[in-house]
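File shown: model-v1.txt. Contents: compact mmCIF, C-alpha atoms.
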# COMPACT_ATOMS: atom_id res chain seq x y z
CA MET A 1 0.00 0.00 0.00
CA SER A 2 1.25 3.46 -0.87
CA TYR A 3 -0.26 6.75 0.17
CA THR A 4 0.56 10.40 0.67
CA LEU A 5 -1.00 12.85 3.05
CA GLY A 6 -0.86 16.59 2.63
CA GLN A 7 -0.18 19.16 5.29
CA GLU A 8 -3.83 20.20 5.32
CA GLN A 9 -5.06 16.64 5.94
CA LEU A 10 -2.49 16.11 8.69
CA ASP A 11 -3.55 19.39 10.32
CA ARG A 12 -7.17 18.32 10.28
CA MET A 13 -6.33 14.94 11.77
CA GLU A 14 -4.29 16.48 14.59
CA ASP A 15 -7.11 18.92 15.34
CA ILE A 16 -9.56 16.04 15.56
CA LEU A 17 -7.26 14.14 17.95
CA GLN A 18 -6.71 17.24 20.07
CA GLN A 19 -10.36 18.34 20.34
CA ASN A 20 -12.00 14.96 20.74
CA LEU A 21 -9.46 13.06 22.80
CA VAL A 22 -6.69 15.12 24.39
CA ASP A 23 -9.14 17.85 25.45
CA ILE A 24 -11.32 15.32 27.29
CA GLY A 25 -8.32 14.12 29.31
CA VAL A 26 -6.60 11.45 27.23
CA ARG A 27 -2.86 11.53 27.95
CA CYS A 28 -1.57 10.57 24.56
CA VAL A 29 -3.06 9.52 21.24
CA PHE A 30 -1.46 8.48 18.00
CA LEU A 31 -2.51 7.39 14.59
CA ILE A 32 -0.19 4.83 13.00
CA ASP A 33 -0.14 2.66 9.91
CA MET A 34 0.26 -1.10 10.13
CA ALA A 35 3.94 -0.85 9.19
CA GLY A 36 4.50 1.01 12.47
CA ASN A 37 4.89 4.54 11.05
CA ILE A 38 3.43 7.43 13.04
CA ILE A 39 1.01 9.49 10.99
CA ALA A 40 -0.14 11.92 13.66
CA ASN A 41 0.22 12.19 17.41
CA LYS A 42 -0.93 14.47 20.18
CA ASP A 43 -0.45 14.45 23.94
CA ASN A 44 -1.25 16.59 26.95
CA GLY A 45 2.31 17.93 27.09
CA LYS A 46 3.03 16.28 30.44
CA ILE A 47 4.27 12.91 29.30
CA LYS A 48 7.31 11.89 27.33
CA HIS A 49 6.72 8.43 25.94
CA ASP A 50 8.92 6.99 23.23
CA VAL A 51 6.18 7.09 20.61
CA TYR A 52 8.27 5.56 17.82
CA SER A 53 8.91 2.40 19.84
CA LEU A 54 5.30 2.36 21.00
CA ALA A 55 4.12 2.57 17.38
CA ALA A 56 6.39 -0.27 16.26
CA LEU A 57 5.23 -2.49 19.13
CA ALA A 58 1.58 -1.54 18.68
CA ALA A 59 1.63 -2.41 14.98
CA GLY A 60 3.33 -5.73 15.80
CA ASN A 61 0.90 -6.45 18.61
CA PHE A 62 -2.12 -5.68 16.47
CA GLY A 63 -0.71 -7.74 13.60
CA ALA A 64 -0.21 -10.70 15.93
CA VAL A 65 -3.73 -10.46 17.31
CA SER A 66 -5.19 -10.23 13.77
CA ALA A 67 -3.28 -13.37 12.81
CA MET A 68 -4.73 -15.11 15.88
CA ALA A 69 -8.23 -13.98 14.85
CA LYS A 70 -7.80 -15.60 11.45
CA ILE A 71 -6.63 -18.88 12.98
CA ILE A 72 -9.77 -19.16 15.11
CA GLY A 73 -11.97 -18.19 12.17
CA GLU A 74 -12.70 -14.58 13.10
CA GLY A 75 -12.24 -11.93 10.41
CA GLU A 76 -10.57 -9.58 12.86
CA PHE A 77 -10.60 -8.25 16.39
CA SER A 78 -11.11 -4.61 15.62
CA LEU A 79 -10.34 -3.28 19.08
CA LEU A 80 -7.99 -4.16 21.88
CA PHE A 81 -7.70 -2.85 25.39
CA HIS A 82 -4.91 -3.32 27.94
CA LYS A 83 -5.62 -2.34 31.51
CA GLY A 84 -2.96 -1.21 33.93
CA LYS A 85 -3.04 0.08 37.51
CA LYS A 86 -2.78 3.70 36.45
CA GLU A 87 -2.46 3.75 32.69
CA ASN A 88 -4.53 2.00 30.08
CA ILE A 89 -4.03 1.56 26.38
CA HIS A 90 -6.73 1.21 23.77
CA PHE A 91 -6.29 0.15 20.13
CA ASN A 92 -8.92 0.81 17.51
CA LYS A 93 -8.64 -0.20 13.89
CA ILE A 94 -9.56 2.59 11.45
CA ASP A 95 -9.35 0.47 8.31
CA ALA A 96 -7.09 -2.23 6.90
CA ASP A 97 -4.05 0.03 7.03
CA PHE A 98 -4.48 2.39 9.99
CA LEU A 99 -4.74 2.09 13.74
CA LEU A 100 -5.64 4.61 16.45
CA ILE A 101 -3.93 4.16 19.82
CA THR A 102 -5.01 5.97 22.96
CA ILE A 103 -3.27 6.07 26.34
CA PHE A 104 -5.45 7.20 29.21
CA SER A 105 -5.70 7.08 32.99
CA ASN A 106 -8.49 5.72 35.20
CA GLU A 107 -10.06 9.17 35.39
CA ILE A 108 -11.78 8.52 32.07
CA SER A 109 -14.29 5.70 31.87
CA LEU A 110 -13.66 3.07 29.25
CA GLY A 111 -17.19 3.43 27.89
CA PHE A 112 -16.82 7.16 27.31
CA LEU A 113 -13.43 6.66 25.73
CA ARG A 114 -14.74 3.99 23.37
CA LEU A 115 -17.55 6.29 22.32
CA LYS A 116 -15.16 9.16 21.59
CA VAL A 117 -12.65 6.88 19.86
CA SER A 118 -15.29 5.48 17.54
CA GLU A 119 -16.41 9.01 16.63
CA VAL A 120 -12.82 10.00 15.91
CA ALA A 121 -12.29 6.83 13.88
CA GLU A 122 -15.18 7.80 11.60
CA MET A 123 -13.82 11.34 11.13
CA ILE A 124 -10.32 10.08 10.33
CA LYS A 125 -11.72 7.46 7.98
CA LYS A 126 -13.41 10.24 6.04
CA ILE A 127 -10.14 12.14 5.66
CA LEU A 128 -8.31 8.98 4.62
CA SER A 129 -10.94 8.23 2.00
CA GLU A 130 -10.10 11.58 0.39
CA ILE A 131 -6.55 10.39 -0.30
CA ASN A 132 -7.78 7.41 -2.25
CA THR A 133 -10.28 9.47 -4.24
CA PRO A 134 -8.49 12.72 -5.06
CA MET B 1 6.49 2.10 2.25
CA ALA B 2 8.14 5.07 3.82
CA PHE B 3 5.90 7.63 5.42
CA VAL B 4 6.58 11.22 4.41
CA ASN B 5 5.21 13.84 6.78
CA PRO B 6 5.14 17.26 5.07
CA LYS B 7 3.95 18.90 8.29
CA LYS B 8 6.84 17.77 10.49
CA LYS B 9 9.22 17.64 7.49
CA GLU B 10 10.12 14.09 8.35
CA VAL B 11 10.44 10.76 6.55
CA GLN B 12 10.14 7.45 8.40
CA VAL B 13 12.06 4.67 6.70
CA LYS B 14 11.72 1.00 7.64
CA ILE B 15 14.74 -1.25 7.18
CA VAL B 16 14.55 -4.91 8.11
CA TYR B 17 17.45 -7.26 8.88
CA TYR B 18 16.46 -10.68 7.57
CA GLY B 19 18.27 -14.01 7.56
CA PRO B 20 18.55 -17.48 9.08
CA GLY B 21 18.34 -18.02 12.84
CA ARG B 22 21.47 -17.35 14.92
CA GLY B 23 22.97 -15.50 11.96
CA GLY B 24 23.71 -12.25 13.82
CA LYS B 25 20.83 -9.91 12.93
CA THR B 26 20.27 -8.80 16.51
CA THR B 27 24.04 -8.52 17.02
CA ASN B 28 24.15 -6.07 14.08
CA LEU B 29 21.58 -3.85 15.77
CA GLU B 30 23.26 -4.15 19.16
CA TYR B 31 26.54 -3.02 17.64
CA ILE B 32 24.88 -0.03 15.96
CA TYR B 33 23.12 0.85 19.19
CA LYS B 34 26.42 0.77 21.12
CA LYS B 35 28.36 2.64 18.46
CA PHE B 36 25.85 5.48 18.01
CA ASP B 37 24.45 5.67 21.52
CA ALA B 38 25.06 9.42 21.60
CA ARG B 39 22.72 9.88 18.66
CA ILE B 40 20.11 7.31 19.61
CA LYS B 41 17.86 8.86 22.17
CA THR B 42 15.73 5.85 22.96
CA GLU B 43 16.22 2.32 24.19
CA MET B 44 16.52 -0.52 21.74
CA VAL B 45 13.35 -2.59 21.93
CA THR B 46 13.71 -6.35 21.86
CA ILE B 47 11.16 -9.11 22.24
CA LYS B 48 13.12 -12.22 23.18
CA THR B 49 12.45 -15.66 24.55
CA HIS B 50 14.13 -16.83 27.74
CA GLY B 51 16.76 -18.52 25.65
CA ASP B 52 17.78 -15.11 24.27
CA ARG B 53 16.45 -15.84 20.80
CA THR B 54 14.45 -13.17 19.00
CA LEU B 55 10.78 -14.02 19.42
CA PHE B 56 9.11 -11.23 17.49
CA PHE B 57 11.48 -8.44 16.52
CA ASP B 58 14.11 -5.95 17.62
CA PHE B 59 13.53 -2.28 16.95
CA LEU B 60 16.03 0.56 16.88
CA PRO B 61 15.03 4.04 15.70
CA PHE B 62 17.55 6.74 14.97
CA ASP B 63 17.92 10.03 13.13
CA ILE B 64 20.51 10.28 10.40
CA GLY B 65 20.12 13.95 9.52
CA LYS B 66 18.42 15.79 6.71
CA VAL B 67 17.92 15.09 3.01
CA ASN B 68 16.29 17.86 0.94
CA GLY B 69 15.19 19.57 4.14
CA TYR B 70 13.47 16.45 5.47
CA GLU B 71 14.58 14.81 8.72
CA ILE B 72 15.24 11.11 8.00
CA LYS B 73 14.13 8.79 10.78
CA VAL B 74 15.54 5.35 10.12
CA GLN B 75 13.83 2.48 11.90
CA LEU B 76 15.86 -0.70 12.00
CA TYR B 77 14.02 -3.97 12.65
CA THR B 78 15.11 -7.57 12.80
CA VAL B 79 12.92 -10.58 12.15
CA PRO B 80 13.03 -13.80 14.18
CA GLY B 81 15.20 -16.12 12.10
CA GLN B 82 13.89 -19.47 13.27
CA VAL B 83 11.81 -21.36 10.70
CA LYS B 84 8.86 -21.81 13.08
CA TYR B 85 8.32 -18.04 13.37
CA ASN B 86 7.23 -17.59 9.76
CA ALA B 87 4.01 -15.79 10.65
CA THR B 88 5.66 -13.16 12.86
CA ARG B 89 8.51 -12.76 10.38
CA ARG B 90 5.98 -11.85 7.75
CA LEU B 91 4.30 -9.28 10.02
CA VAL B 92 7.57 -7.44 10.56
CA LEU B 93 8.08 -7.14 6.80
CA ARG B 94 4.89 -5.18 6.36
CA GLY B 95 5.69 -1.78 4.81
CA VAL B 96 9.43 -2.52 4.52
CA ASP B 97 11.52 -0.07 2.48
CA GLY B 98 14.92 -1.79 2.50
CA ILE B 99 16.41 -5.14 3.53
CA VAL B 100 19.74 -6.36 4.83
CA PHE B 101 20.07 -10.11 4.36
CA VAL B 102 22.43 -11.39 7.04
CA ALA B 103 23.88 -14.71 5.86
CA ASP B 104 25.82 -17.03 8.13
CA SER B 105 29.28 -17.76 6.67
CA MET B 106 29.70 -21.00 8.67
CA MET B 107 29.89 -23.91 6.28
CA VAL B 108 27.30 -25.90 8.26
CA ARG B 109 24.74 -23.13 7.70
CA ARG B 110 25.07 -22.94 3.92
CA GLU B 111 21.73 -24.64 3.25
CA LYS B 112 19.96 -22.46 5.85
CA ASN B 113 21.04 -19.29 4.00
CA ILE B 114 19.61 -20.54 0.73
CA LEU B 115 16.31 -21.54 2.37
CA SER B 116 16.07 -18.22 4.15
CA ILE B 117 16.56 -16.09 1.03
CA LYS B 118 13.86 -18.13 -0.72
CA ASN B 119 11.64 -17.51 2.29
CA LEU B 120 12.36 -13.78 1.96
CA GLN B 121 11.33 -13.84 -1.67
CA GLU B 122 8.01 -15.52 -0.73
CA ASP B 123 7.37 -13.16 2.18
CA LEU B 124 7.93 -10.13 -0.04
CA ALA B 125 5.70 -11.58 -2.75
CA ASN B 126 3.00 -11.80 -0.10
CA TYR B 127 3.11 -7.98 0.04
CA LYS B 128 3.36 -7.79 -3.75
CA LYS B 129 7.00 -6.76 -3.60
CA SER B 130 9.82 -8.22 -5.63
CA ILE B 131 13.14 -9.25 -4.12
CA PHE B 132 14.73 -7.96 -7.32
CA LYS B 133 13.28 -4.47 -7.00
CA ILE B 134 13.43 -3.67 -3.29
CA PRO B 135 16.68 -2.10 -2.01
CA LEU B 136 18.67 -5.05 -0.67
CA VAL B 137 22.19 -5.53 0.71
CA LEU B 138 23.79 -8.86 1.57
CA GLN B 139 26.04 -9.34 4.56
CA TYR B 140 28.24 -12.43 4.96
CA ASN B 141 28.56 -12.50 8.71
CA LYS B 142 30.88 -14.27 11.16
CA VAL B 143 34.08 -13.99 9.09
CA ASP B 144 35.95 -13.64 12.40
CA LEU B 145 35.32 -17.33 13.09
CA GLU B 146 37.98 -18.28 10.57
CA GLU B 147 40.67 -17.37 13.13
CA GLN B 148 39.26 -20.05 15.41
CA GLY B 149 39.56 -22.66 12.68
CA ILE B 150 35.81 -22.97 12.07
CA PRO B 151 35.20 -23.92 8.41
CA LEU B 152 33.51 -21.09 6.50
CA THR B 153 31.82 -21.00 3.11
CA SER B 154 33.97 -18.99 0.71
CA VAL B 155 32.73 -15.60 -0.45
CA GLU B 156 32.70 -16.93 -4.04
CA THR B 157 30.35 -19.74 -3.03
CA LEU B 158 28.14 -17.41 -1.00
CA GLN B 159 27.97 -15.05 -3.97
CA LYS B 160 27.02 -17.95 -6.22
CA ASP B 161 24.42 -19.27 -3.76
CA LEU B 162 22.76 -15.99 -2.84
CA ASN B 163 23.79 -13.18 -5.16
CA SER B 164 24.09 -14.72 -8.64
CA GLN B 165 20.71 -13.33 -9.69
CA LEU B 166 20.31 -10.41 -7.29
CA LYS B 167 23.69 -8.90 -8.17
CA THR B 168 23.58 -6.45 -5.31
CA SER B 169 26.20 -5.12 -2.85
CA ALA B 170 27.60 -7.66 -0.41
CA PHE B 171 29.80 -7.16 2.65
CA LYS B 172 32.02 -9.61 4.53
CA ALA B 173 31.33 -8.79 8.14
CA SER B 174 31.65 -9.64 11.79
CA ALA B 175 28.70 -8.29 13.70
CA LEU B 176 30.30 -9.35 16.98
CA LYS B 177 33.48 -7.36 16.36
CA GLY B 178 31.77 -4.63 14.39
CA THR B 179 33.61 -5.23 11.12
CA ASN B 180 31.58 -3.79 8.21
CA VAL B 181 28.43 -3.44 10.33
CA VAL B 182 28.25 0.32 9.84
CA PRO B 183 29.16 0.20 6.10
CA THR B 184 26.36 -2.36 5.58
CA MET B 185 23.87 -0.09 7.35
CA LYS B 186 25.06 3.01 5.49
CA LYS B 187 24.76 1.23 2.16
CA ILE B 188 21.19 0.08 2.73
CA VAL B 189 20.15 3.50 4.06
CA SER B 190 21.56 5.28 1.01
CA MET B 191 20.03 2.79 -1.42
CA THR B 192 16.65 3.04 0.31
CA ILE B 193 16.64 6.83 0.42
CA ALA B 194 17.64 7.00 -3.25
CA THR B 195 14.64 4.79 -4.09
CA ILE B 196 12.27 6.89 -2.00
CA VAL B 197 13.51 10.14 -3.54
CA LYS B 198 12.99 8.62 -7.00
CA GLU B 199 9.46 7.52 -6.11
CA LEU B 200 8.57 10.93 -4.74
CA LYS B 201 9.56 12.72 -7.93

Let's see the structure in the file written out as structure tokens.
Amino acid sequence: MSYTLGQEQLDRMEDILQQNLVDIGVRCVFLIDMAGNIIANKDNGKIKHDVYSLAALAAGNFGAVSAMAKIIGEGEFSLLFHKGKKENIHFNKIDADFLLITIFSNEISLGFLRLKVSEVAEMIKKILSEINTP
Amino acid sequence: MAFVNPKKKEVQVKIVYYGPGRGGKTTNLEYIYKKFDARIKTEMVTIKTHGDRTLFFDFLPFDIGKVNGYEIKVQLYTVPGQVKYNATRRLVLRGVDGIVFVADSMMVRREKNILSIKNLQEDLANYKKSIFKIPLVLQYNKVDLEEQGIPLTSVETLQKDLNSQLKTSAFKASALKGTNVVPTMKKIVSMTIATIVKELK
């Protein structure tokens, strides 16, 4: 798969991540492709995670889980959630090539986060569809 | 495929070290990590088994400076070499821009090299990529073992086995001692960037 994103599309994506996720209290959010490249990322300015390593591991993790899904006869597991004591991580598939990863604390409920993430996923999907149909 | 970010003026390039198990792929990355630790700001990520074999992949990101005003972020990966990890090996190759094939010069591993390069060809075909078109560098590792009297496959034979059709650059190397590790990496980075620049035009 090959794609290009313009500055304007990247700006719009970052605005969406900022307004819908970081502004409601998510610590860090990033949009990656399945090769592990970071497309866009936003955080609350207080944390310094190594996002490049996180992206590589997240893409690998998601790839592994998708392969497991196929073995047991599922098309895919479109979302994943890892719970920690203080930090949680949520993976949501946008389409076959892109993944949205959110890191958040226990102050946000998982239900609310899932709702917001699915809204964001739809908005991002719309922008991505513009690349394929210029 | 490399990701070009016009907003951050940055290009992310994925280079994968591929080859038979125990061939020295991880050792290549460890050497680079040690050698350039001043320029590599993050930890090298490795997913290993208890027996110290690569289970999933190793990952080492670092910045190599600017090309045409774009910051180049090179991301080095290794695959697990063992035959049984075919599925995870394939996952790591997703979106690859350049490959270093690390062959094991030990005579007893000759067959393993040939099988592994065939496996690479199949894995790339799975992503509709051709082994003949993707930037690729060969590395004949473990040449230092000759001093210990361990029988090695000659470079001529390795060339015939692995490079007779590919006709690409090949380096005799010792990942353990660091011989030709950096030249191998520099060669694949320059070949990969040249290809990306050509594709962007």

Counting only C-alpha atoms, which residues of chain B fall within 10 Å of chain A, and what is the closest atom pair for each with its distance in Å at one decimal, ordered by chain and rising number, as a Markdown table?
| residue | atom | partner | partner_atom | distance |
| --- | --- | --- | --- | --- |
| B:Met1 | CA | A:Ser2 | CA | 6.2 |
| B:Ala2 | CA | A:Asn37 | CA | 7.9 |
| B:Phe3 | CA | A:Asn37 | CA | 6.5 |
| B:Val4 | CA | A:Thr4 | CA | 7.1 |
| B:Asn5 | CA | A:Leu5 | CA | 7.3 |
| B:Pro6 | CA | A:Gln7 | CA | 5.7 |
| B:Lys7 | CA | A:Gln7 | CA | 5.1 |
| B:Lys8 | CA | A:Gln7 | CA | 8.8 |
| B:Lys9 | CA | A:Gln7 | CA | 9.8 |
| B:Val11 | CA | A:Asn37 | CA | 9.5 |
| B:Gln12 | CA | A:Asn37 | CA | 6.6 |
| B:Val13 | CA | A:Asn37 | CA | 8.4 |
| B:Lys14 | CA | A:Ala35 | CA | 8.1 |
| B:Lys41 | CA | A:Asp50 | CA | 9.2 |
| B:Thr42 | CA | A:Asp50 | CA | 6.9 |
| B:Glu43 | CA | A:Ser53 | CA | 8.5 |
| B:Met44 | CA | A:Ser53 | CA | 8.4 |
| B:Val45 | CA | A:Ser53 | CA | 7.0 |
| B:Thr46 | CA | A:Leu57 | CA | 9.7 |
| B:Ile47 | CA | A:Leu57 | CA | 9.4 |
| B:Phe56 | CA | A:Gly60 | CA | 8.2 |
| B:Phe57 | CA | A:Gly60 | CA | 8.6 |
| B:Asp58 | CA | A:Leu57 | CA | 9.6 |
| B:Phe59 | CA | A:Ser53 | CA | 7.2 |
| B:Leu60 | CA | A:Ser53 | CA | 7.9 |
| B:Pro61 | CA | A:Tyr52 | CA | 7.2 |
| B:Phe62 | CA | A:Tyr52 | CA | 9.8 |
| B:Lys73 | CA | A:Tyr52 | CA | 9.7 |
| B:Gln75 | CA | A:Tyr52 | CA | 8.7 |
| B:Tyr77 | CA | A:Ala56 | CA | 9.2 |
| B:Ala87 | CA | A:Ala67 | CA | 8.0 |
| B:Thr88 | CA | A:Ala64 | CA | 7.1 |
| B:Arg90 | CA | A:Gly63 | CA | 9.8 |
| B:Leu91 | CA | A:Gly63 | CA | 6.3 |
| B:Val92 | CA | A:Gly60 | CA | 7.0 |
| B:Leu93 | CA | A:Ala35 | CA | 7.9 |
| B:Arg94 | CA | A:Ala35 | CA | 5.3 |
| B:Gly95 | CA | A:Ala35 | CA | 4.8 |
| B:Val96 | CA | A:Ala35 | CA | 7.4 |
| B:Tyr127 | CA | A:Met1 | CA | 8.6 |
| B:Lys128 | CA | A:Met1 | CA | 9.3 |
| B:Leu200 | CA | A:Thr4 | CA | 9.7 |

Report as a PyMOL selection string all protein, DNA and RNA residues lying within 9 Å of Arg89 of chain B, evaluated on all atoms listed in the file, omitting residues in the same chain fewer than 4 positions from it.
chain B and resi 18+56-57+78-81+85+93+123

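We find atom CA of Tyr70 of chain B and atom CA of Tyr17 of chain B to be spaced 24.3 Å apart.
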
Edge lengths and centre, in Å to one decimal, as AutoDock Vina command-line options: that's what I need for the box along x, y and z that holds all listed atoms of segment 84-102 of chain A plus 8 Å on each side.
--center_x -6.0 --center_y 1.9 --center_z 22.2 --size_x 23.1 --size_y 24.2 --size_z 46.6

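Checking B:Val181, B:Lys198, B:Pro20, B:Leu136 one by one against Ile32 of chain B, counting all atoms listed in the file, you find the shortest gap at B:Val181.
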
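Considering all atoms listed in the file, the residue among A:Val117, A:Ile124, A:Ile94, A:Ile108 positioned nearest to Leu21 of chain A is A:Val117.
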
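Pairwise distance (atom CA of Ile40 of chain B, atom CA of Gly24 of chain B) equals 20.7 Å.
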
Shell of 12 Å around Ser78 of chain A, only C-alpha atoms, local chain residues under 2 positions omitted, as a VMD selection string:
chain A and resid 62 to 63 65 to 66 69 74 to 76 80 to 81 90 to 96 98 to 100 118 121

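Atom CA of Ile103 of chain A to atom CA of Val26 of chain A spans 6.4 Å [interatomic distance, one decimal].
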
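Minimum atom-to-atom distance to Ile117 of chain B, evaluated using only C-alpha atoms, belongs to B:Val100 out of B:Val100, B:Met185, B:Leu76, B:Leu176.
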